[in-house]
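Asker: So that we are looking at the same thing, I have put the structure below in structure tokens.
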Amino acid sequence: MKEQILELLSKAIPDLTTEEISGLIEIPPKPELGDYAFPCFRLAKTMHKAPQVIASEIKDSIGEVEYIDEIRVVGAYLNFFLNKNIYVKNVLDSALKDDFGSSTEGNNKTICIDYSSPNVAKNFHIGHLRTTIIGNSLYKIYSKLGYHVERINHLGDWGTQFGKLIVAYKKWGSEEEIKAKGIEELMRLYVKFHQEADNDDSLNDEARAWFVKMEQNDEEALKIWKWFVEISLVEFKRTYKLLGMDFDHFMGESFYRNMTPDVLKKLTDANLLTESQGAKVVDLSEYDMPPALILKNDGSSIYATRDIAAIFYRKETYNFEKCLYVTGQEQKLHFKQVFKVIELLGNEWAKDGLVHIPYGLVSLGGEKLSTRDGNVIYAEDILLEAISKVKEIIGEKNPDLENKDEVAEKVGVGAVIFNDLYNQRIKDVSFKWSHLLNFEGETGPYVQYTYARCSSILRKLPDFVLSSDIDYSVLNDESSVALLKEIAKFPSVVKEASERYEPSVIARYAVDLAQAFNTFYTQNRINVEEKNIRDARCTLVAVTRRIIKDALDLLGISVVEQM
Ligand code: ARG
């Protein structure tokens with residue numbers, strides 16, 4: 001109904017544009033202040049009148065409107081009190097539609113999201129868990145808004161480190177050990193390489209030579225490298241499976257390795273390459289940045305070279321509207337440089353089309369998390385630990401629950417995901433079992449529990465059928481209206497989350513909605529004699545249930561019917 005208020009105000013205030021008015025309309029913090037409010041301070045400047053006077057004039061010019069019970073002037077504000085019955089009907093009519101929260105804004109537009117992207121032969125750590133969770137949620141949010149999304153896993157599967165690994169494998173490794181232990185053994189070999197190379201620099205030369213061989217498509221080098229990639233992917237995919245997340249493309253850095261000459265040609269043609277100590281760089285001093293290294297003095301490509309190639313490939317292949325990169329903040333400069341190079345090559349679209357989406361660190365807050373050899377924390381172990389802790393809780397609280405394992409998996413994994421997304425992504429996440437598994441806090445389990453509660457209410461009333469033919473007038477008590485107000489916010493919440501690349505907007509909303517529901521539920525009996533009241537309240541339960549499910553889905557969390 002904001003749209004309708006906006007229309008009234010636009011007619012009454014010719015001095016401001018519709019956008020300006022829209023930006024000023026507020027939802028008051030307390031119901032005593034109405035359903036919407038409009039401050040008149042801004043107008044006081046242009047109209048040279050006291051804001052109170054302006055407010056009264058606007059009120060008079062709007063006059064009587066069917067769906068507004070009262071417009072009250074309170075200080076510099078206009079407070080709008082909507083007609084409850086019409087409000088309730090309006091909200092439910094939209095919320096009952098299947099596409100509530102969806103939009104067509106993204107139709108015929110593509111967004112590429114580059115996220116997760118763990119490094120081959122290294123563990124999938126807690127930081128990669130964050131990019132995976134945030135990227136997946138952005139994928140869901142943009143899909144909901146009608147965009148076509150390409151989910152790209154830009155695996156770290158190329159670079160000098162593989163030269164080192166090949167040397168270490170040949171000197172100190174064995175096929176059996178790697179087969180048996182996977183990434184753990186590859187990491188051991190990598191550490192060993194560095195220890196030995198500290199005393200013997202020739203090892204570094206050998207490693208470089210192997211990587212140059214890889215870049216020249218040497219058969220033996222590529223065979224060993226490919227095997228490392230496969231071993232690592234098996235482990236990464238186990239984590240994705242636990243998370244219930246997937247990708248459209250596993251296109252690692254190696255995919256772009258043969259495109260280096262093309263990148264060089266573009267840069268040379270544009271006169272952007274300069275030599276620096278045998279290496280080739282793009283000078284970015286004009287933009288207050290260090291030079292972007294493109295080609296090392298041994299002729300091999302680097303991380304940035306492959307990112308530049310990937311951008312051209314993606315633009316040509318997917319014609320994206322935007323390409324988003326979800327990585328830690330420490331890569332900020334890297335992306336700034338890469339995006340600048342693309343722009344300098346004459347691509348205006350780089351300015352809005354390439355977006356780095358950084359996030360904060362995970363602090364363990366003294367929590368002891370299980371580690372494997374070498375004290376490294378694997379994302380997989382965290383998820384498994386969460387699941388097993390939830391299993392314990394269920395064992396205590398609800399030992400007879402059916403499909404316990406499935407519930408524990410969805411609740412455990414959901415708790416980790418929710419904890420990650422609840423605060424603004426740029427903030428550090430603190431990891432505390434007692435917090436993230438608290439069924440009464442601002443947590444995943446709390447929201448999932450509210451969903452299960454809705455399901456249980458409806459299960460007990462099998463005769464109820466969802467329809468828009470209900471008696472709206474019985475839903476005008478305070479807690480029902482408060483719940484409806486939360487329900488009404490869903491579409492704008494999804495939109496805001498997309499505009500700010502911020503899944504936390506949805507996570508917070510999910511908690512608000514669950515809280516509004518639980519208040520409604522303590523204040524209203526659902527299973528009452530009067531059919532009209534029962535049906536109306538059930539409709540609220542059913543609508544809330546569906547939106548909680550949709551909101552959790554946008555975060556990448558599944559629901560359970562009982563827990
Ligand atoms: N593999 C990198 C890392 O673990 C992240 C890659 C991000 N994507 C990109 N196109 N550079 O830090």
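Going through the structure tokens in order, the chains are called A, B, and so on, while each chain numbers its residues from 1 and the ligands are numbered from 1 in the order shown.
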Give me, as number ranges by chain, all polymer residues having an atom no more than 8 Å from segment 471-484 of chain A, counting only C-alpha atoms and skipping those fewer than 2 positions away in the same chain.
Answerer: A: 84-85, 88-89, 91-92, 469, 486-488, 513, 516-517, 519-520, 523, 532-533, 536-537, 540
Asker: Mind checking which residues fall within 9 Å of Asn319 of chain A, counting only C-alpha atoms, ignoring those fewer than 2 positions away in the same chain, and posting them as a list in words?
Answerer: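 Listed by chain and then number, they are Lys109, Thr110, Ile111, Arg314, Lys315, Glu316, Thr317, Glu321 and Lys322 of chain A.
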Asker: Restricted to N, CA, C and O atoms, what would the selected residues look like written as a PDB file, in the first residue's frame?
Answerer:
```
ATOM      1  N   LYS A 109      18.184 -10.908 -18.286  1.00  0.00           N
ATOM      2  CA  LYS A 109      19.486 -10.393 -17.854  1.00  0.00           C
ATOM      3  C   LYS A 109      20.265 -11.510 -17.160  1.00  0.00           C
ATOM      4  O   LYS A 109      19.668 -12.315 -16.451  1.00  0.00           O
ATOM      5  N   THR A 110      21.552 -11.492 -17.356  1.00  0.00           N
ATOM      6  CA  THR A 110      22.378 -12.530 -16.748  1.00  0.00           C
ATOM      7  C   THR A 110      23.337 -11.930 -15.727  1.00  0.00           C
ATOM      8  O   THR A 110      23.919 -10.876 -15.958  1.00  0.00           O
ATOM      9  N   ILE A 111      23.460 -12.637 -14.607  1.00  0.00           N
ATOM     10  CA  ILE A 111      24.451 -12.255 -13.599  1.00  0.00           C
ATOM     11  C   ILE A 111      25.403 -13.430 -13.437  1.00  0.00           C
ATOM     12  O   ILE A 111      24.956 -14.567 -13.276  1.00  0.00           O
ATOM     13  N   ARG A 314      33.859 -14.521 -20.041  1.00  0.00           N
ATOM     14  CA  ARG A 314      32.495 -14.481 -19.493  1.00  0.00           C
ATOM     15  C   ARG A 314      31.631 -13.453 -20.198  1.00  0.00           C
ATOM     16  O   ARG A 314      30.458 -13.684 -20.448  1.00  0.00           O
ATOM     17  N   LYS A 315      32.220 -12.312 -20.504  1.00  0.00           N
ATOM     18  CA  LYS A 315      31.424 -11.276 -21.187  1.00  0.00           C
ATOM     19  C   LYS A 315      30.986 -11.821 -22.544  1.00  0.00           C
ATOM     20  O   LYS A 315      29.828 -11.683 -22.924  1.00  0.00           O
ATOM     21  N   GLU A 316      31.921 -12.450 -23.263  1.00  0.00           N
ATOM     22  CA  GLU A 316      31.572 -12.976 -24.587  1.00  0.00           C
ATOM     23  C   GLU A 316      30.590 -14.137 -24.489  1.00  0.00           C
ATOM     24  O   GLU A 316      29.662 -14.249 -25.273  1.00  0.00           O
ATOM     25  N   THR A 317      30.791 -15.015 -23.517  1.00  0.00           N
ATOM     26  CA  THR A 317      29.980 -16.231 -23.456  1.00  0.00           C
ATOM     27  C   THR A 317      28.611 -15.982 -22.843  1.00  0.00           C
ATOM     28  O   THR A 317      27.614 -16.529 -23.305  1.00  0.00           O
ATOM     29  N   GLU A 321      25.179  -8.889 -17.307  1.00  0.00           N
ATOM     30  CA  GLU A 321      24.862  -7.531 -16.884  1.00  0.00           C
ATOM     31  C   GLU A 321      25.853  -7.138 -15.781  1.00  0.00           C
ATOM     32  O   GLU A 321      26.391  -6.057 -15.749  1.00  0.00           O
ATOM     33  N   LYS A 322      26.073  -8.142 -14.901  1.00  0.00           N
ATOM     34  CA  LYS A 322      27.047  -7.949 -13.832  1.00  0.00           C
ATOM     35  C   LYS A 322      27.801  -9.240 -13.594  1.00  0.00           C
ATOM     36  O   LYS A 322      27.243 -10.319 -13.770  1.00  0.00           O
TER      37      LYS A 322
END
```
Asker: Residues within 8 Å of ligand 1, counting only C-alpha atoms and all ligand atoms: report them as a count of residues only.
Answerer: 23
Asker: As JSON, numbers by chain, please: every residue in segment 245-470 of chain A that a backbone DSSP assignment puts in alpha helix (DSSP H).
Answerer: {"A": [260, 261, 262, 263, 264, 265, 266, 267, 268, 269, 303, 304, 305, 306, 307, 308, 309, 310, 311, 312, 313, 314, 315, 316, 317, 318, 332, 333, 334, 335, 336, 337, 338, 339, 340, 341, 342, 343, 344, 350, 351, 352, 353, 379, 380, 381, 382, 383, 384, 385, 386, 387, 388, 389, 390, 391, 392, 393, 394, 395, 396, 397, 404, 405, 406, 407, 408, 409, 410, 411, 412, 413, 414, 415, 416, 417, 418, 419, 420, 421, 433, 434, 435, 436, 444, 445, 446, 447, 448, 449, 450, 451, 452, 453, 454, 455, 456, 457, 458, 459]}
Asker: Compare A:Gly127, A:Gly135, A:Gly360, A:Pro28 by their minimum atom-to-atom distance to Met245 of chain A, counting only C-alpha atoms, and give me the closest one.
Answerer: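 That would be A:Gly135, the residue with the smallest distance to Met245 of chain A.
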Asker: Could you pull out the residues in segment 28-99 of chain A that DSSP calls strand (DSSP E or B) from the backbone, as a list in words?
Answerer: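 Put together, the selection reads Tyr36, Ala37, Phe38, Pro39, Ile68, Asp69, Glu70, Ile71, Arg72, Val73, Val74, Tyr77, Leu78, Asn79, Phe80, Phe81 and Leu82 of chain A.
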Asker: Pick the closest to Ile357 of chain A from A:Phe431, A:Tyr501, A:Tyr169, A:Phe162: which is it, counting only C-alpha atoms?
Answerer: A:Tyr501
Asker: Please determine, counting only C-alpha atoms, which residue among A:Cys323, A:Val528, A:Leu43, A:Leu24 has the shortest atom-to-atom distance to His148 of chain A.
Answerer: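 That would be A:Cys323, the residue with the smallest distance to His148 of chain A.
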Asker: For atom CA of Arg188 of chain A and atom CA of Gly366 of chain A, quote the distance in Å rounded to one decimal.
Answerer: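 Atom CA of Arg188 of chain A sits 26.0 Å away from atom CA of Gly366 of chain A.
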Asker: If you count only C-alpha atoms, which residues fall within 7 Å of Tyr378 of chain A, apart from same-chain ones fewer than 5 positions away, as a list of chain:residue names?
Answerer: A:Asn123, A:Phe124, A:His125, A:Ile126
Asker: Restricting the calculation to only C-alpha atoms, which member of A:Ser61, A:Leu8, A:Val413, A:Gly441 is positioned closest to Lys241 of chain A?
Answerer: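 For Lys241 of chain A, the nearest of the candidates is A:Val413.
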